[in-house]
file upload00.cif (mmCIF, C-alpha atoms, pLDDT in the B column; chains and numbers go by the auth columns)
data_data
#
loop_
_atom_site.group_PDB
_atom_site.id
_atom_site.type_symbol
_atom_site.label_atom_id
_atom_site.label_comp_id
_atom_site.label_asym_id
_atom_site.label_seq_id
_atom_site.Cartn_x
_atom_site.Cartn_y
_atom_site.Cartn_z
_atom_site.B_iso_or_equiv
_atom_site.auth_seq_id
_atom_site.auth_asym_id
ATOM 1 C CA LYS A 1 28.980 135.304 111.058 90.00 271 W
ATOM 2 C CA ARG A 2 25.504 135.916 112.422 92.00 272 W
ATOM 3 C CA LEU A 3 24.647 137.893 109.282 92.00 273 W
ATOM 4 C CA LEU A 4 25.790 135.122 106.932 94.00 274 W
ATOM 5 C CA LYS A 5 23.901 132.529 108.951 93.00 275 W
ATOM 6 C CA LYS A 6 20.744 134.659 108.942 92.00 276 W
ATOM 7 C CA LEU A 7 20.913 135.134 105.167 93.00 277 W
ATOM 8 C CA GLY A 8 21.759 131.502 104.551 92.00 278 W
ATOM 9 C CA ILE A 9 25.116 132.162 102.889 95.00 279 W
ATOM 10 C CA LYS A 10 27.644 129.329 102.974 91.00 280 W
ATOM 11 C CA GLY A 11 30.922 129.560 101.135 95.00 281 W
ATOM 12 C CA LYS A 12 31.694 132.168 98.479 97.00 282 W
ATOM 13 C CA TRP A 13 29.139 134.666 97.253 98.00 283 W
ATOM 14 C CA VAL A 14 28.736 137.064 94.335 98.00 284 W
ATOM 15 C CA CYS A 15 26.896 140.378 94.692 98.00 285 W
ATOM 16 C CA LEU A 16 24.466 141.223 91.886 98.00 286 W
ATOM 17 C CA MET A 17 23.514 144.892 91.620 97.00 287 W
ATOM 18 C CA VAL A 18 21.111 145.935 88.846 96.00 288 W
ATOM 19 C CA ARG A 19 19.948 149.509 88.708 93.00 289 W
ATOM 20 C CA ASP A 20 16.300 150.001 87.713 90.00 290 W
ATOM 21 C CA ASP A 21 13.925 152.980 87.871 86.00 291 W
ATOM 22 C CA GLN A 22 12.474 152.212 91.301 87.00 292 W
ATOM 23 C CA TYR A 23 15.217 153.743 93.456 74.00 293 W
ATOM 24 C CA LEU A 24 14.785 157.256 92.077 77.00 294 W
ATOM 25 C CA LYS A 25 11.008 157.260 91.717 78.00 295 W
ATOM 26 C CA ASP A 26 10.579 158.619 95.239 70.00 296 W
ATOM 27 C CA ARG A 27 13.462 161.064 94.977 72.00 297 W
ATOM 28 C CA GLY A 28 12.373 163.524 92.329 69.00 298 W
ATOM 29 C CA PRO A 29 12.488 163.896 88.538 69.00 299 W
ATOM 30 C CA TYR A 30 15.590 161.880 87.737 70.00 300 W
ATOM 31 C CA ASP A 31 14.304 160.256 84.550 76.00 301 W
ATOM 32 C CA TYR A 32 17.158 161.878 82.612 80.00 302 W
ATOM 33 C CA HIS A 33 19.308 159.097 84.117 84.00 303 W
ATOM 34 C CA ASP A 34 17.035 156.257 83.049 88.00 304 W
ATOM 35 C CA TYR A 35 19.476 155.324 80.267 91.00 305 W
ATOM 36 C CA ARG A 36 21.509 153.713 83.070 92.00 306 W
ATOM 37 C CA ASP A 37 18.693 151.355 84.083 93.00 307 W
ATOM 38 C CA SER A 38 18.351 147.744 82.976 94.00 308 W
ATOM 39 C CA VAL A 39 15.962 144.821 83.442 95.00 309 W
ATOM 40 C CA ILE A 40 16.730 142.278 86.164 96.00 310 W
ATOM 41 C CA ASP A 41 15.330 139.339 84.171 96.00 311 W
ATOM 42 C CA ALA A 42 18.229 139.575 81.705 97.00 312 W
ATOM 43 C CA TYR A 43 20.606 138.453 84.463 98.00 313 W
ATOM 44 C CA SER A 44 18.889 135.145 85.203 97.00 314 W
ATOM 45 C CA SER A 45 21.160 133.014 82.991 98.00 315 W
ATOM 46 C CA ALA A 46 24.259 134.462 84.646 98.00 316 W
ATOM 47 C CA VAL A 47 22.807 133.858 88.105 98.00 317 W
ATOM 48 C CA LEU A 48 22.021 130.220 87.290 98.00 318 W
ATOM 49 C CA GLU A 49 25.539 129.732 85.910 98.00 319 W
ATOM 50 C CA LEU A 50 27.053 131.094 89.115 98.00 320 W
ATOM 51 C CA ILE A 51 24.827 128.817 91.187 98.00 321 W
ATOM 52 C CA ASP A 52 25.952 125.830 89.092 98.00 322 W
ATOM 53 C CA ARG A 53 29.547 126.810 89.870 97.00 323 W
ATOM 54 C CA GLY A 54 28.842 126.699 93.605 97.00 324 W
ATOM 55 C CA TYR A 55 28.460 130.394 94.369 98.00 325 W
ATOM 56 C CA THR A 56 25.673 131.972 96.356 98.00 326 W
ATOM 57 C CA VAL A 57 24.304 135.000 94.486 98.00 327 W
ATOM 58 C CA VAL A 58 23.027 137.921 96.557 98.00 328 W
ATOM 59 C CA ARG A 59 20.935 140.473 94.692 97.00 329 W
ATOM 60 C CA MET A 60 21.704 143.887 96.223 96.00 330 W
ATOM 61 C CA GLY A 61 19.735 147.140 96.249 93.00 331 W
ATOM 62 C CA VAL A 62 17.843 149.541 98.481 88.00 332 W
ATOM 63 C CA LYS A 63 14.676 149.708 96.387 85.00 333 W
ATOM 64 C CA VAL A 64 13.992 147.580 93.354 90.00 334 W
ATOM 65 C CA GLY A 65 11.044 147.348 91.014 90.00 335 W
ATOM 66 C CA LYS A 66 10.525 143.579 90.949 93.00 336 W
ATOM 67 C CA PRO A 67 11.983 140.331 92.249 94.00 337 W
ATOM 68 C CA LEU A 68 14.173 138.032 90.214 95.00 338 W
ATOM 69 C CA LYS A 69 12.118 134.860 90.012 93.00 339 W
ATOM 70 C CA ILE A 70 14.760 132.259 90.734 96.00 340 W
ATOM 71 C CA ILE A 71 13.992 129.762 93.469 95.00 341 W
ATOM 72 C CA HIS A 72 17.176 128.175 94.783 96.00 342 W
ATOM 73 C CA PRO A 73 18.812 128.066 98.227 95.00 343 W
ATOM 74 C CA ARG A 74 21.902 129.749 96.773 96.00 344 W
ATOM 75 C CA PHE A 75 20.015 132.717 95.349 97.00 345 W
ATOM 76 C CA ILE A 76 19.100 135.423 97.855 96.00 346 W
ATOM 77 C CA ASP A 77 16.965 138.331 96.664 95.00 347 W
ATOM 78 C CA TYR A 78 18.246 140.484 99.505 94.00 348 W
ATOM 79 C CA ALA A 79 16.981 143.675 97.848 92.00 349 W
ATOM 80 C CA TRP A 80 13.427 142.322 97.742 92.00 350 W
ATOM 81 C CA ASN A 81 13.033 140.249 100.920 89.00 351 W
ATOM 82 C CA ASN A 82 13.414 143.094 103.465 85.00 352 W
ATOM 83 C CA SER A 83 16.611 141.684 104.959 87.00 353 W
ATOM 84 C CA ARG A 84 18.987 144.510 103.988 89.00 354 W
ATOM 85 C CA THR A 85 20.813 146.731 106.439 92.00 355 W
ATOM 86 C CA GLU A 86 23.523 149.352 106.042 94.00 356 W
ATOM 87 C CA PHE A 87 26.059 147.045 107.672 95.00 357 W
ATOM 88 C CA ALA A 88 25.103 144.105 105.473 95.00 358 W
ATOM 89 C CA ASP A 89 25.488 146.254 102.335 96.00 359 W
ATOM 90 C CA LEU A 90 29.009 147.127 103.398 97.00 360 W
ATOM 91 C CA TYR A 91 30.037 143.661 104.549 97.00 361 W
ATOM 92 C CA LEU A 92 28.622 141.743 101.598 98.00 362 W
ATOM 93 C CA GLY A 93 30.175 144.155 99.094 98.00 363 W
ATOM 94 C CA ALA A 94 33.539 144.157 100.847 98.00 364 W
ATOM 95 C CA LYS A 95 33.851 140.380 101.196 97.00 365 W
ATOM 96 C CA CYS A 96 32.224 139.090 98.011 98.00 366 W
ATOM 97 C CA GLU A 97 34.165 136.941 95.563 97.00 367 W
ATOM 98 C CA PHE A 98 33.237 139.522 92.943 97.00 368 W
ATOM 99 C CA ALA A 99 30.348 141.808 91.992 98.00 369 W
ATOM 100 C CA VAL A 100 28.263 141.891 88.818 98.00 370 W
ATOM 101 C CA GLY A 101 25.959 144.590 87.536 97.00 371 W
ATOM 102 C CA THR A 102 25.439 148.170 86.521 96.00 372 W
ATOM 103 C CA ALA A 103 27.514 151.144 87.611 91.00 373 W
ATOM 104 C CA CYS A 104 25.874 152.771 90.635 90.00 374 W
ATOM 105 C CA GLY A 105 26.600 153.770 94.208 91.00 375 W
ATOM 106 C CA PHE A 106 26.806 150.246 95.607 94.00 376 W
ATOM 107 C CA MET A 107 29.654 149.336 93.251 96.00 377 W
ATOM 108 C CA SER A 108 31.866 151.780 95.145 95.00 378 W
ATOM 109 C CA ILE A 109 31.959 149.271 98.004 97.00 379 W
ATOM 110 C CA PRO A 110 33.542 146.271 96.225 97.00 380 W
ATOM 111 C CA GLN A 111 35.782 148.691 94.347 95.00 381 W
ATOM 112 C CA ALA A 112 36.976 150.324 97.589 96.00 382 W
ATOM 113 C CA PHE A 113 37.724 146.907 99.057 97.00 383 W
ATOM 114 C CA ASP A 114 39.603 145.737 95.947 95.00 384 W
ATOM 115 C CA ARG A 115 37.071 143.132 94.873 97.00 385 W
ATOM 116 C CA PRO A 116 36.748 142.230 91.174 96.00 386 W
ATOM 117 C CA ILE A 117 33.760 143.717 89.331 97.00 387 W
ATOM 118 C CA VAL A 118 31.947 142.827 86.101 97.00 388 W
ATOM 119 C CA PHE A 119 30.360 146.038 84.821 97.00 389 W
ATOM 120 C CA VAL A 120 27.555 145.332 82.342 98.00 390 W
ATOM 121 C CA ASN A 121 25.059 147.588 80.563 98.00 391 W
ATOM 122 C CA HIS A 122 27.498 150.417 81.140 97.00 392 W
ATOM 123 C CA ALA A 123 26.853 153.978 79.935 96.00 393 W
ATOM 124 C CA PRO A 124 28.282 156.485 79.324 95.00 394 W
ATOM 125 C CA LEU A 125 31.277 154.631 78.014 95.00 395 W
ATOM 126 C CA GLU A 126 33.964 157.158 78.924 93.00 396 W
ATOM 127 C CA TYR A 127 32.823 157.342 82.542 92.00 397 W
ATOM 128 C CA THR A 128 34.221 154.003 83.558 89.00 398 W
ATOM 129 C CA PRO A 129 37.002 153.196 86.060 89.00 399 W
ATOM 130 C CA VAL A 130 39.533 152.267 83.401 91.00 400 W
ATOM 131 C CA SER A 131 42.421 152.020 85.869 90.00 401 W
ATOM 132 C CA ASN A 132 40.684 149.296 87.902 91.00 402 W
ATOM 133 C CA GLN A 133 42.786 146.231 87.140 89.00 403 W
ATOM 134 C CA LYS A 134 40.182 143.888 88.647 92.00 404 W
ATOM 135 C CA ALA A 135 37.280 145.077 86.510 94.00 405 W
ATOM 136 C CA LEU A 136 35.764 143.689 83.325 95.00 406 W
ATOM 137 C CA LEU A 137 33.499 145.847 81.158 96.00 407 W
ATOM 138 C CA ILE A 138 30.766 145.506 78.567 97.00 408 W
ATOM 139 C CA TRP A 139 28.575 148.438 77.590 98.00 409 W
ATOM 140 C CA LYS A 140 25.170 149.272 76.220 98.00 410 W
ATOM 141 C CA HIS A 141 25.121 149.182 72.440 98.00 411 W
ATOM 142 C CA HIS A 142 24.719 152.573 70.787 98.00 412 W
ATOM 143 C CA VAL A 143 22.328 152.403 67.845 98.00 413 W
ATOM 144 C CA LYS A 144 21.962 155.081 65.168 97.00 414 W
ATOM 145 C CA ASP A 145 20.040 154.854 61.899 97.00 415 W
ATOM 146 C CA GLY A 146 19.206 151.253 62.717 96.00 416 W
ATOM 147 C CA LYS A 147 22.843 150.150 63.099 96.00 417 W
ATOM 148 C CA ARG A 148 25.102 149.609 66.069 96.00 418 W
ATOM 149 C CA MET A 149 27.768 152.285 66.187 97.00 419 W
ATOM 150 C CA SER A 150 31.417 151.294 66.104 96.00 420 W
ATOM 151 C CA LEU A 151 33.707 152.304 68.946 95.00 421 W
ATOM 152 C CA LYS A 152 35.193 155.064 66.829 95.00 422 W
ATOM 153 C CA GLU A 153 31.732 156.378 65.968 97.00 423 W
ATOM 154 C CA ILE A 154 30.737 156.424 69.636 97.00 424 W
ATOM 155 C CA PHE A 155 33.805 158.370 70.681 95.00 425 W
ATOM 156 C CA ASP A 156 33.831 160.710 67.671 95.00 426 W
ATOM 157 C CA SER A 157 30.200 161.654 68.373 95.00 427 W
ATOM 158 C CA GLN A 158 31.075 162.510 72.012 93.00 428 W
ATOM 159 C CA ALA A 159 28.377 160.051 73.130 95.00 429 W
ATOM 160 C CA GLY A 160 30.912 158.514 75.496 94.00 430 W
ATOM 161 C CA GLN A 161 30.642 161.577 77.723 93.00 431 W
ATOM 162 C CA ILE A 162 26.871 162.083 77.703 94.00 432 W
ATOM 163 C CA THR A 163 25.466 162.101 81.244 92.00 433 W
ATOM 164 C CA TYR A 164 22.083 163.680 80.433 92.00 434 W
ATOM 165 C CA GLY A 165 19.853 161.074 78.805 93.00 435 W
ATOM 166 C CA PRO A 166 17.947 163.320 76.337 94.00 436 W
ATOM 167 C CA ASN A 167 21.246 164.264 74.699 95.00 437 W
ATOM 168 C CA PHE A 168 21.500 160.773 73.209 96.00 438 W
ATOM 169 C CA ALA A 169 18.222 161.393 71.400 94.00 439 W
ATOM 170 C CA LYS A 170 19.495 164.755 70.149 95.00 440 W
ATOM 171 C CA LEU A 171 22.286 162.865 68.401 96.00 441 W
ATOM 172 C CA GLY A 172 19.812 160.300 67.054 97.00 442 W
ATOM 173 C CA ILE A 173 21.272 157.591 69.315 98.00 443 W
ATOM 174 C CA THR A 174 19.356 154.979 71.266 97.00 444 W
ATOM 175 C CA LEU A 175 20.929 152.641 73.812 97.00 445 W
ATOM 176 C CA GLU A 176 20.341 148.895 73.560 97.00 446 W
ATOM 177 C CA ASP A 177 20.721 146.695 76.643 97.00 447 W
ATOM 178 C CA ASN A 178 23.081 143.751 76.787 98.00 448 W
ATOM 179 C CA THR A 179 21.470 140.406 76.034 98.00 449 W
ATOM 180 C CA TYR A 180 21.197 137.425 78.383 97.00 450 W
ATOM 181 C CA LEU A 181 24.070 135.819 76.466 98.00 451 W
ATOM 182 C CA GLU A 182 26.364 138.859 76.596 98.00 452 W
ATOM 183 C CA ILE A 183 25.918 139.153 80.361 98.00 453 W
ATOM 184 C CA LEU A 184 26.454 135.410 80.804 98.00 454 W
ATOM 185 C CA GLU A 185 29.630 135.445 78.699 97.00 455 W
ATOM 186 C CA ALA A 186 31.092 138.302 80.717 97.00 456 W
ATOM 187 C CA VAL A 187 30.380 136.514 84.002 97.00 457 W
ATOM 188 C CA VAL A 188 31.855 133.245 82.712 96.00 458 W
ATOM 189 C CA GLU A 189 34.966 135.096 81.605 94.00 459 W
ATOM 190 C CA MET A 190 35.419 136.538 85.091 95.00 460 W
ATOM 191 C CA CYS A 191 34.999 133.078 86.618 94.00 461 W
ATOM 192 C CA ASP A 192 37.357 131.342 84.217 91.00 462 W
ATOM 193 C CA ASN A 193 40.141 133.836 83.609 78.00 463 W
ATOM 194 C CA TYR A 194 40.566 136.249 86.516 62.00 464 W
ATOM 195 C CA PRO A 195 43.238 137.437 87.321 59.00 465 W
ATOM 196 C CA ASN A 196 44.743 136.750 83.892 63.00 466 W
ATOM 197 C CA VAL A 197 44.334 139.270 81.082 57.00 467 W
ATOM 198 C CA PRO A 198 43.923 137.117 77.967 56.00 468 W
ATOM 199 C CA TRP A 199 43.569 138.147 74.361 65.00 469 W
ATOM 200 C CA LYS A 200 45.921 141.126 74.686 77.00 470 W
ATOM 201 C CA ALA A 201 45.867 141.834 70.954 78.00 471 W
ATOM 202 C CA LEU A 202 42.085 142.134 71.029 83.00 472 W
ATOM 203 C CA GLN A 203 42.212 144.343 74.134 89.00 473 W
ATOM 204 C CA LYS A 204 44.731 146.594 72.391 89.00 474 W
ATOM 205 C CA GLU A 205 42.241 147.250 69.601 89.00 475 W
ATOM 206 C CA PHE A 206 39.901 148.771 72.176 93.00 476 W
ATOM 207 C CA TRP A 207 42.533 150.905 73.899 92.00 477 W
ATOM 208 C CA ASP A 208 43.893 152.152 70.584 93.00 478 W
ATOM 209 C CA VAL A 209 40.491 153.771 69.975 93.00 479 W
ATOM 210 C CA PHE A 210 39.536 154.731 73.532 95.00 480 W
ATOM 211 C CA PRO A 211 40.166 158.474 74.215 94.00 481 W
ATOM 212 C CA ILE A 212 42.354 157.871 77.233 93.00 482 W
ATOM 213 C CA HIS A 213 43.446 161.522 77.385 92.00 483 W
ATOM 214 C CA SER A 214 39.915 162.957 77.549 90.00 484 W
ATOM 215 C CA ILE A 215 39.307 165.930 79.796 88.00 485 W
ATOM 216 C CA SER A 216 36.191 166.271 81.927 86.00 486 W
ATOM 217 C CA PRO A 217 33.854 169.052 80.717 83.00 487 W
ATOM 218 C CA TYR A 218 32.854 169.652 84.349 83.00 488 W
ATOM 219 C CA ASN A 219 36.185 170.292 86.093 89.00 489 W
ATOM 220 C CA ALA A 220 38.771 170.314 83.272 91.00 490 W
ATOM 221 C CA ARG A 221 40.635 167.408 84.866 91.00 491 W
ATOM 222 C CA PRO A 222 41.708 164.198 83.108 91.00 492 W
ATOM 223 C CA LEU A 223 38.932 161.618 83.108 89.00 493 W
ATOM 224 C CA HIS A 224 41.199 158.599 83.197 91.00 494 W
ATOM 225 C CA GLY A 225 44.256 157.082 84.744 88.00 495 W
ATOM 226 C CA LYS A 226 46.420 154.365 83.276 90.00 496 W
ATOM 227 C CA PRO A 227 44.294 151.670 81.568 89.00 497 W
ATOM 228 C CA GLY A 228 44.034 148.506 83.609 88.00 498 W
ATOM 229 C CA MET A 229 40.541 147.053 83.221 91.00 499 W
ATOM 230 C CA ARG A 230 39.758 144.526 80.544 91.00 500 W
ATOM 231 C CA ILE A 231 36.901 144.334 78.080 94.00 501 W
ATOM 232 C CA GLY A 232 34.737 141.230 77.737 94.00 502 W
ATOM 233 C CA LYS A 233 36.337 139.060 75.057 91.00 503 W
ATOM 234 C CA GLU A 234 33.254 137.731 73.289 92.00 504 W
ATOM 235 C CA PHE A 235 31.564 141.126 73.475 95.00 505 W
ATOM 236 C CA LEU A 236 34.600 142.948 72.112 94.00 506 W
ATOM 237 C CA LYS A 237 34.854 140.591 69.134 91.00 507 W
ATOM 238 C CA GLY A 238 31.641 142.150 67.817 91.00 508 W
ATOM 239 C CA TYR A 239 33.334 145.529 67.715 89.00 509 W
ATOM 240 C CA CYS A 240 36.748 144.535 66.416 82.00 510 W
ATOM 241 C CA ASP A 241 35.907 141.995 63.691 67.00 511 W
#

call {"tool": "encode", "arguments": {"input": "upload00.cif", "output": "structure tokens"}}
result
Amino acid sequence: KRLLKKLGIKGKWVCLMVRDDQYLKDRGPYDYHDYRDSVIDAYSSAVLELIDRGYTVVRMGVKVGKPLKIIHPRFIDYAWNNSRTEFADLYLGAKCEFAVGTACGFMSIPQAFDRPIVFVNHAPLEYTPVSNQKALLIWKHHVKDGKRMSLKEIFDSQAGQITYGPNFAKLGITLEDNTYLEILEAVVEMCDNYPNVPWKALQKEFWDVFPIHSISPYNARPLHGKPGMRIGKEFLKGYCD
């Protein structure tokens, strides 16, 4: 209670976690993972929508490259304002209404405590917690020869299992971040439809293509459990039309 009062949180809150290049700059040559980074500014529309719906949005992170320039009593740039602690990371992630952002270490906290998660700008596509029934996913677009690759093309090329950034370039693939609108639509869908799983026919089109029986090249174990997460409806339409 003292923590929430200190941060100025009243009512329900959403954790926003956006990986950028700052965290690893002081930890060695990890630029081969920079394909997982994204730009915080692209999340501003989603943050404002959540504020309009009465949520407080708490931007998480240990080290971040820049602030998100939103001035509102229900937006807390906790990663930038020097208020973070280990305990607060754990408590905020465990008790949030849901979390939004990129796949990274912090997202293990809401997942462990069974909180819903909106994964955006996700890559690689096959390394996603598909059995998480409280998760919603949209991914970075894969672009080759000037065109966005279809789901089948992504999986057939093995790009869904690439964990070493330069290997995308070897296949002639670049990754394109989600737009403001795509992130906003995914967040709105979580707000409006959780815990329902609408548009089952559209979801089935994704799972019919997804290589659910893939084996990890690192330990020869299955990568996935039973599918449970859902894919953002508006985002998925662009791949199934």

call {"tool": "closest_atom_pairs", "arguments": {"input": "upload00.cif", "of": "region 390-425 of chain W", "to": "region 357-377 of chain W", "cutoff": "9 Å", "atoms": "all atoms listed in the file", "output": "tab-separated table"}}
result
residue	atom	partner	partner_atom	distance
W:Val390	CA	W:Thr372	CA	5.5
W:Asn391	CA	W:Thr372	CA	6.0
W:His392	CA	W:Thr372	CA	6.2
W:Ala393	CA	W:Ala373	CA	8.2
W:Thr398	CA	W:Ala373	CA	8.3

call {"tool": "closest_residue", "arguments": {"input": "upload00.cif", "among": "W:Ala382, W:Leu395, W:Leu454, W:Val413", "to": "Thr433 (chain W)", "atoms": "all atoms listed in the file"}}
result
W:Leu395

call {"tool": "closest_residue", "arguments": {"input": "upload00.cif", "among": "W:Leu451, W:Arg297, W:Phe438, W:Val400", "to": "Val317 (chain W)", "atoms": "all atoms listed in the file"}}
result
W:Leu451

call {"tool": "residues_around", "arguments": {"input": "upload00.cif", "residues": "Met419 (chain W)", "least_positions_apart": "6", "cutoff": "12 Å", "atoms": "only C-alpha atoms", "output": "ChimeraX atom specification"}}
result
/W:410-413,425-427,429-430,442-446,508-510

call {"tool": "resolve_selection", "arguments": {"input": "upload00.cif", "expression": "the PyMOL selection byres ((chain W and resi 471-483) around 10)", "output": "VMD selection string"}}
result
chain W and resid 395 to 396 400 421 to 426 430 467 to 470 484 to 486 491 to 497 499 to 503 506 to 507 509 to 511

call {"tool": "atom_distance", "arguments": {"input": "upload00.cif", "atom1": "CA of Phe383 (chain W)", "atom2": "CA of Pro399 (chain W)"}}
result
14.5 Å

call {"tool": "residues_near_point", "arguments": {"input": "upload00.cif", "point": "(11.7, 152.7, 92.3)", "cutoff": "10 Å", "atoms": "all atoms listed in the file", "output": "ChimeraX atom specification"}}
result
/W:289-297,332-336

call {"tool": "closest_residue", "arguments": {"input": "upload00.cif", "among": "W:Thr326, W:Asn352, W:Ser314, W:Ser308", "to": "Ile279 (chain W)", "atoms": "all atoms listed in the file"}}
result
W:Thr326

call {"tool": "residues_around", "arguments": {"input": "upload00.cif", "residues": "Tyr450 (chain W)", "least_positions_apart": "5", "cutoff": "12 Å", "atoms": "all atoms listed in the file", "output": "list in words"}}
result
Ser308, Val309, Ile310, Asp311, Ala312, Tyr313, Ser314, Ser315, Ala316, Val317, Leu318, Glu319, Val390, Asn391, Glu455, Ala456 and Val457 of chain W

call {"tool": "write_last_selection", "arguments": {"input": "upload00.cif", "atoms": "C-alpha atoms", "output": "PDB file, in the coordinates of the input"}}
result
ATOM      1  CA  SER W 308      18.351 147.744  82.976  1.00 94.00           C
ATOM      2  CA  VAL W 309      15.962 144.821  83.442  1.00 95.00           C
ATOM      3  CA  ILE W 310      16.730 142.278  86.164  1.00 96.00           C
ATOM      4  CA  ASP W 311      15.330 139.339  84.171  1.00 96.00           C
ATOM      5  CA  ALA W 312      18.229 139.575  81.705  1.00 97.00           C
ATOM      6  CA  TYR W 313      20.606 138.453  84.463  1.00 98.00           C
ATOM      7  CA  SER W 314      18.889 135.145  85.203  1.00 97.00           C
ATOM      8  CA  SER W 315      21.160 133.014  82.991  1.00 98.00           C
ATOM      9  CA  ALA W 316      24.259 134.462  84.646  1.00 98.00           C
ATOM     10  CA  VAL W 317      22.807 133.858  88.105  1.00 98.00           C
ATOM     11  CA  LEU W 318      22.021 130.220  87.290  1.00 98.00           C
ATOM     12  CA  GLU W 319      25.539 129.732  85.910  1.00 98.00           C
ATOM     13  CA  VAL W 390      27.555 145.332  82.342  1.00 98.00           C
ATOM     14  CA  ASN W 391      25.059 147.588  80.563  1.00 98.00           C
ATOM     15  CA  GLU W 455      29.630 135.445  78.699  1.00 97.00           C
ATOM     16  CA  ALA W 456      31.092 138.302  80.717  1.00 97.00           C
ATOM     17  CA  VAL W 457      30.380 136.514  84.002  1.00 97.00           C
TER      18      VAL W 457
END

call {"tool": "atom_distance", "arguments": {"input": "upload00.cif", "atom1": "CA of Phe389 (chain W)", "atom2": "CA of Asn437 (chain W)"}}
result
22.8 Å

call {"tool": "atom_distance", "arguments": {"input": "upload00.cif", "atom1": "CA of Lys275 (chain W)", "atom2": "CA of Ile340 (chain W)"}}
result
20.4 Å

call {"tool": "closest_residue", "arguments": {"input": "upload00.cif", "among": "W:Ile408, W:Gln403, W:Asp347, W:Asp415", "to": "Thr449 (chain W)", "atoms": "all atoms listed in the file"}}
result
W:Ile408

call {"tool": "axis_aligned_box", "arguments": {"input": "upload00.cif", "around": "region 284-292 of chain W", "padding_each_side": "6 Å", "output": "AutoDock Vina command-line options"}}
result
--center_x 20.6 --center_y 145.0 --center_z 91.2 --size_x 28.3 --size_y 27.9 --size_z 19.0

call {"tool": "residues_around", "arguments": {"input": "upload00.cif", "residues": "Lys276 (chain W)", "least_positions_apart": "2", "cutoff": "12 Å", "atoms": "all atoms listed in the file", "output": "list in words"}}
result
Lys271, Arg272, Leu273, Leu274, Gly278, Ile279, Lys280, Ile346, Tyr348, Ser353, Arg354 and Ala358 of chain W
